[in-house]
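start-v7.tsv (TSV, C-alpha atoms and all ligand atoms)
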chain	number	residue	atom	x	y	z
A	7	MET	CA	64.04	120.36	136.80
A	8	LYS	CA	66.13	117.82	138.71
A	9	THR	CA	69.48	116.81	137.26
A	10	GLU	CA	68.32	113.18	137.07
A	11	GLU	CA	65.36	114.25	134.89
A	12	VAL	CA	67.72	116.14	132.61
A	13	LEU	CA	69.99	113.09	132.34
A	14	GLN	CA	66.97	111.06	131.21
A	15	LEU	CA	66.70	113.41	128.23
A	16	ILE	CA	70.13	112.46	126.96
A	17	ASN	CA	70.01	110.13	124.01
A	18	ALA	CA	69.90	106.57	125.40
A	19	ASP	CA	72.57	105.47	122.92
A	20	VAL	CA	74.94	108.09	124.33
A	21	ARG	CA	74.06	107.32	127.95
A	22	GLY	CA	74.70	103.64	127.30
A	23	LEU	CA	78.30	104.23	126.24
A	24	ASP	CA	81.35	103.54	128.36
A	25	LYS	CA	83.51	106.59	128.84
A	26	TYR	CA	86.47	106.82	126.43
A	27	HIS	CA	89.26	107.80	128.73
A	28	LEU	CA	92.97	107.63	129.08
A	29	LYS	CA	94.16	107.51	132.67
A	30	LYS	CA	96.23	110.62	133.28
A	31	GLN	CA	99.73	109.45	134.07
A	32	LEU	CA	102.86	111.49	133.69
A	33	ALA	CA	106.27	110.13	132.80
A	34	ASN	CA	109.38	111.51	131.21
A	35	THR	CA	109.61	108.64	128.76
A	36	LYS	CA	106.20	108.68	127.16
A	37	LEU	CA	105.66	105.60	125.00
A	38	ASN	CA	101.89	105.22	125.40
A	39	GLN	CA	100.20	107.22	122.63
A	40	ASN	CA	102.07	106.41	119.42
A	41	GLU	CA	103.02	110.03	118.93
A	42	ASN	CA	106.07	111.15	117.00
A	43	PRO	CA	108.71	111.37	119.76
A	44	CYS	CA	110.32	114.44	118.15
A	45	ASP	CA	108.83	117.91	118.16
A	46	TRP	CA	109.18	120.24	115.17
A	47	ASP	CA	112.30	122.39	115.19
A	48	GLU	CA	112.62	126.04	116.18
A	49	GLU	CA	112.92	127.23	112.59
A	50	VAL	CA	109.50	125.87	111.63
A	51	LYS	CA	107.98	127.04	114.92
A	52	GLU	CA	109.30	130.58	114.40
A	53	ILE	CA	107.59	130.79	111.00
A	54	ALA	CA	104.35	129.48	112.53
A	55	ALA	CA	104.58	131.87	115.49
A	56	SER	CA	105.10	134.94	113.35
A	57	PHE	CA	102.14	133.93	111.16
A	58	CYS	CA	100.02	133.49	114.27
A	59	LYS	CA	101.00	136.96	115.46
A	60	SER	CA	100.29	138.71	112.19
A	61	ARG	CA	97.00	136.96	111.34
A	62	PRO	CA	93.90	138.77	112.74
A	63	TRP	CA	92.26	136.55	115.38
A	64	ASN	CA	88.88	138.22	115.08
A	65	ARG	CA	88.32	136.81	111.58
A	66	TYR	CA	87.16	133.28	110.77
A	67	PRO	CA	89.57	130.92	109.05
A	68	SER	CA	89.08	130.20	105.35
A	69	PHE	CA	85.78	128.49	104.57
A	70	ILE	CA	87.59	125.86	102.52
A	71	PRO	CA	91.24	125.27	103.52
A	72	GLU	CA	92.41	125.43	99.88
A	73	ARG	CA	96.16	125.63	100.50
A	74	LEU	CA	96.12	122.71	102.90
A	75	LYS	CA	94.02	120.63	100.54
A	76	GLU	CA	96.41	121.38	97.68
A	77	SER	CA	99.41	120.38	99.80
A	78	LEU	CA	97.62	117.22	100.92
A	79	ALA	CA	96.76	116.41	97.33
A	80	ARG	CA	100.46	116.60	96.42
A	81	TYR	CA	101.43	114.59	99.50
A	82	THR	CA	98.96	111.78	98.82
A	83	GLY	CA	98.81	111.78	95.00
A	84	VAL	CA	95.12	112.68	94.55
A	85	ALA	CA	93.30	115.90	93.61
A	86	PRO	CA	92.09	118.49	96.19
A	87	LYS	CA	88.50	117.54	95.30
A	88	ASN	CA	89.22	114.07	96.73
A	89	ILE	CA	90.00	115.50	100.17
A	90	ILE	CA	88.22	116.78	103.28
A	91	ALA	CA	90.42	118.05	106.10
A	92	GLY	CA	89.37	118.57	109.67
A	93	ASN	CA	90.04	118.55	113.36
A	94	GLY	CA	91.94	115.26	113.68
A	95	SER	CA	91.03	111.97	112.06
A	96	ASN	CA	88.66	111.36	114.98
A	97	GLU	CA	86.48	114.18	113.64
A	98	MET	CA	86.77	112.68	110.17
A	99	LEU	CA	85.56	109.34	111.53
A	100	LEU	CA	82.66	111.12	113.20
A	101	ILE	CA	81.46	112.82	110.01
A	102	LEU	CA	81.84	109.58	108.07
A	103	LEU	CA	79.79	107.65	110.58
A	104	LEU	CA	77.17	110.42	110.74
A	105	SER	CA	76.96	110.08	106.97
A	106	PHE	CA	76.67	106.30	106.83
A	107	VAL	CA	75.23	105.03	110.10
A	108	ASN	CA	71.77	105.41	111.59
A	109	LYS	CA	69.58	103.55	114.06
A	110	SER	CA	68.66	100.86	111.58
A	111	SER	CA	72.14	100.25	110.22
A	112	SER	CA	75.14	98.31	111.38
A	113	ALA	CA	78.89	98.46	111.19
A	114	VAL	CA	81.30	95.56	110.93
A	115	ILE	CA	84.38	96.15	113.05
A	116	CYS	CA	87.31	93.85	113.71
A	117	THR	CA	88.55	93.35	117.24
A	118	PRO	CA	90.89	94.29	118.79
A	119	THR	CA	91.14	97.64	117.03
A	120	PHE	CA	90.92	101.39	117.68
A	121	THR	CA	88.08	101.71	120.19
A	122	VAL	CA	86.67	105.00	118.87
A	123	TYR	CA	84.89	103.19	115.97
A	124	ASN	CA	82.73	101.18	118.33
A	125	LEU	CA	82.06	104.24	120.50
A	126	LEU	CA	80.91	106.41	117.59
A	127	VAL	CA	78.77	103.78	115.85
A	128	ARG	CA	76.98	102.94	119.10
A	129	GLY	CA	76.66	106.60	120.06
A	130	ILE	CA	74.88	107.26	116.76
A	131	GLY	CA	72.60	104.31	117.47
A	132	GLY	CA	74.00	101.79	114.99
A	133	ASP	CA	74.58	98.15	115.72
A	134	VAL	CA	78.14	96.75	115.85
A	135	LYS	CA	79.00	93.33	114.41
A	136	VAL	CA	82.40	92.13	115.52
A	137	VAL	CA	84.91	89.97	113.65
A	138	ASN	CA	87.86	88.69	115.67
A	139	LEU	CA	91.41	88.95	114.42
A	140	ASN	CA	92.96	85.49	114.13
A	141	GLU	CA	95.24	83.87	116.71
A	142	GLN	CA	98.28	85.69	115.35
A	143	LEU	CA	96.26	88.95	115.64
A	144	GLN	CA	96.17	89.26	111.85
A	145	TYR	CA	93.05	90.10	109.84
A	146	ASP	CA	90.81	87.11	109.11
A	147	VAL	CA	89.77	88.07	105.59
A	148	PRO	CA	87.39	85.13	104.94
A	149	ALA	CA	85.57	85.98	108.20
A	150	ILE	CA	85.36	89.67	107.21
A	151	CYS	CA	83.97	88.72	103.78
A	152	SER	CA	81.36	86.43	105.37
A	153	ALA	CA	80.34	89.19	107.82
A	154	VAL	CA	79.75	91.72	105.03
A	155	GLU	CA	77.96	89.16	102.90
A	156	VAL	CA	75.54	88.55	105.77
A	157	ASN	CA	75.25	92.34	106.39
A	158	PRO	CA	75.50	93.74	102.86
A	159	SER	CA	74.63	97.33	103.73
A	160	ALA	CA	76.91	97.49	106.79
A	161	VAL	CA	79.74	100.00	107.02
A	162	LEU	CA	82.95	98.03	107.30
A	163	ILE	CA	85.67	99.78	109.31
A	164	LEU	CA	89.22	98.49	109.01
A	165	CYS	CA	92.44	99.91	110.35
A	166	SER	CA	95.71	99.23	108.54
A	167	PRO	CA	98.23	99.28	110.17
A	168	ASN	CA	95.91	98.31	112.98
A	169	ASN	CA	96.05	99.95	116.38
A	170	PRO	CA	96.91	98.25	118.80
A	171	THR	CA	98.27	95.17	116.99
A	172	GLY	CA	100.36	96.69	114.16
A	173	SER	CA	98.94	94.18	111.67
A	174	THR	CA	98.07	95.25	108.13
A	175	LEU	CA	95.95	94.32	105.15
A	176	SER	CA	97.76	93.62	101.88
A	177	LYS	CA	96.54	94.93	98.52
A	178	GLN	CA	95.22	91.46	97.65
A	179	GLN	CA	93.28	91.28	100.92
A	180	ILE	CA	91.72	94.72	100.45
A	181	LEU	CA	90.78	93.85	96.88
A	182	ALA	CA	89.26	90.55	97.99
A	183	ILE	CA	87.10	92.43	100.49
A	184	LEU	CA	86.12	95.16	98.01
A	185	GLU	CA	85.09	92.52	95.48
A	186	VAL	CA	82.42	91.16	97.83
A	187	HIS	CA	81.47	94.19	99.90
A	188	ARG	CA	78.49	96.20	98.63
A	189	GLY	CA	78.59	98.77	101.45
A	190	ILE	CA	81.11	101.43	102.51
A	191	LEU	CA	84.63	100.47	103.56
A	192	ILE	CA	86.28	103.03	105.85
A	193	LEU	CA	89.98	102.29	105.91
A	194	ASP	CA	91.79	104.07	108.74
A	195	GLN	CA	95.42	104.58	107.73
A	196	ALA	CA	96.59	106.72	110.65
A	197	TYR	CA	99.93	104.85	110.65
A	198	ILE	CA	100.42	104.43	106.89
A	199	GLU	CA	103.73	106.30	106.74
A	200	PHE	CA	105.29	103.49	108.83
A	201	GLY	CA	104.23	100.61	106.59
A	202	GLY	CA	101.48	98.62	104.94
A	203	TYR	CA	99.71	98.99	101.63
A	204	ASN	CA	98.69	102.54	100.74
A	205	ALA	CA	95.26	102.03	99.16
A	206	VAL	CA	94.82	105.52	97.65
A	207	GLU	CA	95.15	104.19	94.09
A	208	LEU	CA	91.93	102.20	94.60
A	209	ILE	CA	89.53	105.08	95.24
A	210	ASP	CA	88.72	105.65	91.54
A	211	LYS	CA	87.76	102.07	90.87
A	212	TYR	CA	86.06	101.55	94.26
A	213	PRO	CA	84.03	104.64	95.22
A	214	ASN	CA	82.83	102.77	98.33
A	215	LEU	CA	86.41	102.93	99.69
A	216	ILE	CA	87.05	105.90	102.01
A	217	ILE	CA	90.44	106.45	103.62
A	218	THR	CA	91.19	108.45	106.78
A	219	ARG	CA	94.62	109.77	107.74
A	220	THR	CA	96.18	112.00	110.38
A	221	PHE	CA	98.90	114.53	111.22
A	222	SER	CA	99.13	113.06	114.73
A	223	LYS	CA	101.62	110.25	114.09
A	224	ALA	CA	104.37	110.40	111.44
A	225	LEU	CA	103.75	114.09	110.77
A	226	GLY	CA	104.48	114.94	114.41
A	227	ALA	CA	101.54	117.25	115.01
A	228	ALA	CA	99.11	115.53	117.41
A	229	GLY	CA	98.64	118.84	119.24
A	230	LEU	CA	97.41	120.61	116.11
A	231	ARG	CA	94.46	118.24	115.63
A	232	VAL	CA	94.49	117.78	111.87
A	233	GLY	CA	93.20	114.75	109.98
A	234	TYR	CA	91.80	114.17	106.52
A	235	ILE	CA	89.62	111.96	104.35
A	236	ILE	CA	90.50	110.71	100.86
A	237	ALA	CA	87.65	109.43	98.69
A	238	ALA	CA	85.97	109.69	95.30
A	239	GLU	CA	84.99	113.26	94.36
A	240	GLN	CA	81.21	112.80	94.51
A	241	VAL	CA	81.40	110.97	97.81
A	242	ILE	CA	83.50	113.81	99.25
A	243	ALA	CA	80.95	116.36	98.00
A	244	GLU	CA	78.11	114.60	99.85
A	245	ILE	CA	80.01	113.97	103.10
A	246	ASN	CA	81.11	117.60	103.10
A	247	LYS	CA	77.52	118.63	103.83
A	248	ILE	CA	77.68	117.27	107.38
A	249	LYS	CA	81.13	118.72	108.16
A	250	LEU	CA	80.94	121.68	110.52
A	251	PRO	CA	81.92	125.01	108.97
A	252	TYR	CA	85.38	126.27	110.02
A	253	ASN	CA	86.41	122.95	111.54
A	254	ILE	CA	90.10	123.79	111.19
A	255	ASN	CA	91.37	126.88	112.95
A	256	PHE	CA	93.68	129.19	111.03
A	257	PHE	CA	96.77	128.20	113.02
A	258	SER	CA	96.38	124.46	112.45
A	259	GLU	CA	95.62	125.00	108.79
A	260	TYR	CA	98.73	127.14	108.34
A	261	VAL	CA	101.07	124.87	110.30
A	262	ALA	CA	99.76	121.68	108.67
A	263	THR	CA	100.55	123.19	105.26
A	264	LEU	CA	103.97	124.27	106.50
A	265	ILE	CA	104.68	120.75	107.76
A	266	LEU	CA	103.90	119.25	104.37
A	267	GLU	CA	106.42	121.65	102.81
A	268	ASN	CA	109.07	119.99	104.98
A	269	ARG	CA	108.80	116.61	103.32
A	270	THR	CA	112.47	115.73	103.75
A	271	LYS	CA	112.17	116.21	107.53
A	272	ILE	CA	109.05	114.04	107.64
A	273	ASP	CA	110.76	111.29	105.65
A	274	ALA	CA	113.89	111.47	107.82
A	275	GLY	CA	111.77	111.13	110.97
A	276	VAL	CA	109.97	108.08	109.56
A	277	GLU	CA	113.31	106.48	108.55
A	278	LYS	CA	114.62	106.96	112.09
A	279	THR	CA	111.50	105.42	113.60
A	280	LEU	CA	111.69	102.43	111.25
A	281	ALA	CA	115.36	101.81	112.15
A	282	GLN	CA	114.49	102.11	115.84
A	283	ARG	CA	111.51	99.80	115.41
A	284	GLN	CA	113.68	97.11	113.87
A	285	GLU	CA	116.24	97.38	116.66
A	286	MET	CA	113.53	97.34	119.33
A	287	PHE	CA	111.73	94.39	117.75
A	288	GLN	CA	114.94	92.33	117.72
A	289	TYR	CA	115.65	93.26	121.31
A	290	LEU	CA	112.16	92.46	122.55
A	291	SER	CA	112.21	89.14	120.70
A	292	GLN	CA	115.21	88.03	122.82
A	293	LEU	CA	113.44	88.77	126.08
A	294	PRO	CA	111.15	86.21	127.77
A	295	PHE	CA	107.88	87.64	126.43
A	296	ASP	CA	105.20	85.11	125.43
A	297	ASN	CA	104.70	87.06	122.19
A	298	VAL	CA	106.21	90.01	120.42
A	299	TYR	CA	103.87	90.74	117.53
A	300	PRO	CA	105.19	91.77	114.09
A	301	THR	CA	104.25	95.38	113.33
A	302	ASP	CA	104.04	97.84	110.46
A	303	ALA	CA	103.31	100.80	112.75
A	304	ASN	CA	105.31	102.94	115.19
A	305	PHE	CA	104.53	100.66	118.12
A	306	ILE	CA	105.02	97.05	119.16
A	307	LEU	CA	102.57	94.83	121.02
A	308	VAL	CA	103.98	92.38	123.56
A	309	ARG	CA	102.40	89.75	125.81
A	310	THR	CA	103.65	88.55	129.17
A	311	PRO	CA	102.00	87.02	132.24
A	312	LYS	CA	104.13	89.55	134.16
A	313	LYS	CA	102.26	92.38	132.46
A	314	GLN	CA	101.18	94.21	135.61
A	315	GLN	CA	104.54	93.92	137.38
A	316	LEU	CA	106.30	95.11	134.21
A	317	PHE	CA	103.91	98.01	133.71
A	318	ASP	CA	104.33	99.12	137.34
A	319	TYR	CA	108.10	98.68	137.21
A	320	LEU	CA	108.32	100.86	134.12
A	321	VAL	CA	106.08	103.53	135.65
A	322	SER	CA	108.24	103.54	138.78
A	323	ASN	CA	111.17	104.22	136.45
A	324	ASP	CA	109.37	107.09	134.74
A	325	ILE	CA	108.44	105.14	131.58
A	326	LEU	CA	104.85	104.96	130.40
A	327	VAL	CA	103.63	102.32	127.95
A	328	ARG	CA	99.98	101.48	127.14
A	329	ASP	CA	98.21	98.75	129.02
A	330	VAL	CA	95.85	97.26	126.43
A	331	SER	CA	95.15	94.08	128.39
A	332	SER	CA	91.44	94.86	128.71
A	333	TYR	CA	90.93	94.74	124.92
A	334	ASP	CA	89.40	91.59	123.38
A	335	LEU	CA	92.08	88.91	122.76
A	336	LEU	CA	94.79	91.03	124.39
A	337	GLU	CA	95.02	89.55	127.85
A	338	ASN	CA	98.42	90.42	129.37
A	339	CYS	CA	99.37	92.72	126.50
A	340	LEU	CA	101.21	96.03	126.53
A	341	ARG	CA	101.65	98.34	123.57
A	342	ILE	CA	104.98	100.14	123.36
A	343	SER	CA	105.45	103.16	121.10
A	344	ILE	CA	108.79	103.68	119.39
A	345	GLY	CA	110.49	106.66	120.98
A	346	THR	CA	113.72	108.53	120.39
A	347	VAL	CA	117.07	106.69	120.36
A	348	GLU	CA	117.62	107.74	124.00
A	349	GLU	CA	114.10	106.77	125.12
A	350	ASN	CA	114.34	103.37	123.44
A	351	SER	CA	117.72	102.70	124.97
A	352	CYS	CA	116.41	103.68	128.42
A	353	LEU	CA	113.44	101.33	127.91
A	354	ARG	CA	115.73	98.46	126.88
A	355	THR	CA	117.87	98.90	129.98
A	356	HIS	CA	114.83	98.79	132.24
A	357	LEU	CA	113.33	95.81	130.44
A	358	MET	CA	116.59	93.92	130.86
A	359	ASN	CA	116.73	94.81	134.56
A	360	PHE	CA	113.14	93.78	135.05
A	361	PHE	CA	113.53	90.33	133.51
A	362	GLU	CA	116.88	89.72	135.27
A	363	ASN	CA	115.28	90.55	138.61
A	364	GLN	CA	112.34	88.27	137.82
A	365	GLN	CA	114.72	85.35	137.12
A	366	SER	CA	116.56	85.86	140.37
A	367	LEU	CA	113.32	85.82	142.41
B	401	LIG	C1	93.98	104.06	114.31
B	401	LIG	C2	93.78	105.47	114.75
B	401	LIG	N1	92.91	106.24	114.09
B	401	LIG	C3	92.69	107.50	114.45
B	401	LIG	C4	93.33	108.05	115.54
B	401	LIG	C5	93.01	109.45	115.95
B	401	LIG	O1	93.89	110.31	115.37
B	401	LIG	P1	93.70	111.89	115.46
B	401	LIG	O2	94.71	112.37	116.43
B	401	LIG	O3	93.98	112.36	114.05
B	401	LIG	O4	92.30	112.20	115.85
B	401	LIG	C6	94.24	107.30	116.26
B	401	LIG	C7	94.92	107.85	117.44
B	401	LIG	O5	95.61	107.23	118.18
B	401	LIG	C8	94.47	105.95	115.87
B	401	LIG	O6	95.31	105.15	116.53

Would you give me this structure, written as structure tokens?
Ligand SMILES: Cc1ncc(COP(=O)(O)O)c(C=O)c1O
Amino acid sequence: MKTEEVLQLINADVRGLDKYHLKKQLANTKLNQNENPCDWDEEVKEIAASFCKSRPWNRYPSFIPERLKESLARYTGVAPKNIIAGNGSNEMLLILLLSFVNKSSSAVICTPTFTVYNLLVRGIGGDVKVVNLNEQLQYDVPAICSAVEVNPSAVLILCSPNNPTGSTLSKQQILAILEVHRGILILDQAYIEFGGYNAVELIDKYPNLIITRTFSKALGAAGLRVGYIIAAEQVIAEINKIKLPYNINFFSEYVATLILENRTKIDAGVEKTLAQRQEMFQYLSQLPFDNVYPTDANFILVRTPKKQQLFDYLVSNDILVRDVSSYDLLENCLRISIGTVEENSCLRTHLMNFFENQQSL
């Protein structure tokens, strides 16, 4: 068979997708992926390493990651039966969309937001209805309510705090949406530790609300690939059927549980990031950006007609931020993650130099 004939056999919905890619760029000051800028300390790593050495590698991990689910239940204030854990929140989004989307269904997604939602829904063959954020890049709740009223069975996917804008939905806004929406609401709270309303208390009253979270941001473990779902018990039981067996390897399961036992370190890291965010926001607001958008996450979105020159200048000084200017409504925008004290200070110095040089041109 010719390769072209084989390619024709690939699901048309998958072939029709644009590639999700992140241009590989290296820099010492890496402020482009909203990771926790601090790695876990040696003490924790030593415990993890000795577990890894002693645990037989030829045996499968536990069928149900009980210890991790119990730790997550304590961390989030629900019961283990309200949780599914897996290989990053991306995998959790995949199993949710496999559960709720098919070729005759649609999803309502706001834009700009995390691009993986659109990719997965379309890859599964569902139709995407888009609702724009408003001019301030905040959620337009009346428009979201109208969209779900017109598409009552649609899966609504919201991200709060939203990547890449940092905007959030308040409790009142989520309740207003849940009051009218008769379909599923997937609420992605990957950045919840940094701010915004934590909607976990609503899952009992609203079984159509499903929350996804991650270890990749505040918990400082993007490399482990651990994410989880919080939802009503019976919903979890059904979704669990499509989850692949053994989707968390033994190392990630063990280390994720270990991380949750270090709650004071997690909280201290979040406090540091929040203090740095405030300082950075004030600094950026004094620079000649067209907009510096308010944020509840560990990143700040800025807009400047000098976007490309600034991006290139930062790269030439070994600093990488995220160019999000190709997203809907984000012309000339860059997204800057909050780094360590030293990284942020280095960024500020280069931003100041850049704008001073621009003025003298
Ligand atoms: C809003 C949002 N959801 C989910 C993810 C994916 O997280 P994970 O690393 O857990 O797959 C990201 C990653 O950047 C994100 O920004």

Show which residues sit within 10 Å of segment 224-231 of chain A, as an mmCIF file with C-alpha atoms, in the coordinates of the input. Count all atoms listed in the file, and ignore same-chain residues fewer than 3 positions away.
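Full text of result.cif as output:
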data_model
loop_
_atom_site.group_PDB
_atom_site.id
_atom_site.type_symbol
_atom_site.label_atom_id
_atom_site.label_comp_id
_atom_site.auth_asym_id
_atom_site.auth_seq_id
_atom_site.Cartn_x
_atom_site.Cartn_y
_atom_site.Cartn_z
ATOM 1 C CA GLN A 39 100.200 107.220 122.630
ATOM 2 C CA ASN A 40 102.070 106.410 119.420
ATOM 3 C CA GLU A 41 103.020 110.030 118.930
ATOM 4 C CA ASN A 42 106.070 111.150 117.000
ATOM 5 C CA PRO A 43 108.710 111.370 119.760
ATOM 6 C CA CYS A 44 110.320 114.440 118.150
ATOM 7 C CA ASP A 45 108.830 117.910 118.160
ATOM 8 C CA TRP A 46 109.180 120.240 115.170
ATOM 9 C CA GLY A 92 89.370 118.570 109.670
ATOM 10 C CA ASN A 93 90.040 118.550 113.360
ATOM 11 C CA GLY A 94 91.940 115.260 113.680
ATOM 12 C CA SER A 95 91.030 111.970 112.060
ATOM 13 C CA ASN A 96 88.660 111.360 114.980
ATOM 14 C CA GLU A 97 86.480 114.180 113.640
ATOM 15 C CA ALA A 196 96.590 106.720 110.650
ATOM 16 C CA TYR A 197 99.930 104.850 110.650
ATOM 17 C CA ILE A 198 100.420 104.430 106.890
ATOM 18 C CA GLU A 199 103.730 106.300 106.740
ATOM 19 C CA PHE A 200 105.290 103.490 108.830
ATOM 20 C CA THR A 220 96.180 112.000 110.380
ATOM 21 C CA PHE A 221 98.900 114.530 111.220
ATOM 22 C CA ILE A 254 90.100 123.790 111.190
ATOM 23 C CA ASN A 255 91.370 126.880 112.950
ATOM 24 C CA PHE A 257 96.770 128.200 113.020
ATOM 25 C CA SER A 258 96.380 124.460 112.450
ATOM 26 C CA GLU A 259 95.620 125.000 108.790
ATOM 27 C CA VAL A 261 101.070 124.870 110.300
ATOM 28 C CA ALA A 262 99.760 121.680 108.670
ATOM 29 C CA ILE A 265 104.680 120.750 107.760
ATOM 30 C CA LEU A 266 103.900 119.250 104.370
ATOM 31 C CA ASN A 268 109.070 119.990 104.980
ATOM 32 C CA ARG A 269 108.800 116.610 103.320
ATOM 33 C CA LYS A 271 112.170 116.210 107.530
ATOM 34 C CA ILE A 272 109.050 114.040 107.640
ATOM 35 C CA ASP A 273 110.760 111.290 105.650
ATOM 36 C CA GLY A 275 111.770 111.130 110.970
ATOM 37 C CA VAL A 276 109.970 108.080 109.560
ATOM 38 C CA THR A 279 111.500 105.420 113.600
ATOM 39 C CA ALA A 303 103.310 100.800 112.750
ATOM 40 C CA ASN A 304 105.310 102.940 115.190
#

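Our summary of the geometry notes that atom CA of Leu143 of chain A is positioned 22.5 Å from atom CA of Gln282 of chain A.
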
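Using all atoms listed in the file for every distance, the candidate list A:Leu15, A:Val136, A:Val156, A:Cys165 yields A:Cys165 as the residue closest to ligand LIG 401 (chain B).
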
key: Interatomic distance (Å, one decimal) between atom CA of Thr310 of chain A and atom CA of Asn297 of chain A   = 7.2 Å

ask   = Do you know which residues are at most 8 Å from Leu340 of chain A counting all atoms listed in the file, after dropping those on the same chain fewer than 5 positions away, and could you put them as an MDAnalysis selection string?
value = chainID A and resid 307:309 313 317 327:331

request  = Would you mind telling me which residue in A:Tyr203, A:Tyr333, A:Phe305, A:Tyr212 lies nearest to ligand LIG 401 (chain B) when using all atoms listed in the file?
outcome  =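 Looking only at the distances to ligand LIG 401 (chain B), the closest residue turns out to be A:Phe305.
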
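Proximity ranking of A:Val134, A:Val186, A:Ala160, A:Ile192 relative to ligand LIG 401 (chain B) places A:Ile192 first, based on all atoms listed in the file.
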
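Nearest-residue note for Leu316 of chain A: choosing from A:Met358, A:Ile70, A:Val127, A:Leu336, the minimum distance belongs to A:Met358, counting all atoms listed in the file.
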
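Rounded to one decimal, atom CA of Arg188 of chain A and atom CA of Leu250 of chain A lie 28.2 Å from each other.
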
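All residues that come within 12 Å of the coordinates (88.5, 104.0, 128.6), counting all atoms listed in the file, are given as Leu23, Asp24, Lys25, Tyr26, His27, Leu28, Lys29, Lys30, Phe120, Thr121, Val122, Leu125, Arg328, Asp329, Val330, Ser331, Ser332 and Tyr333 of chain A.
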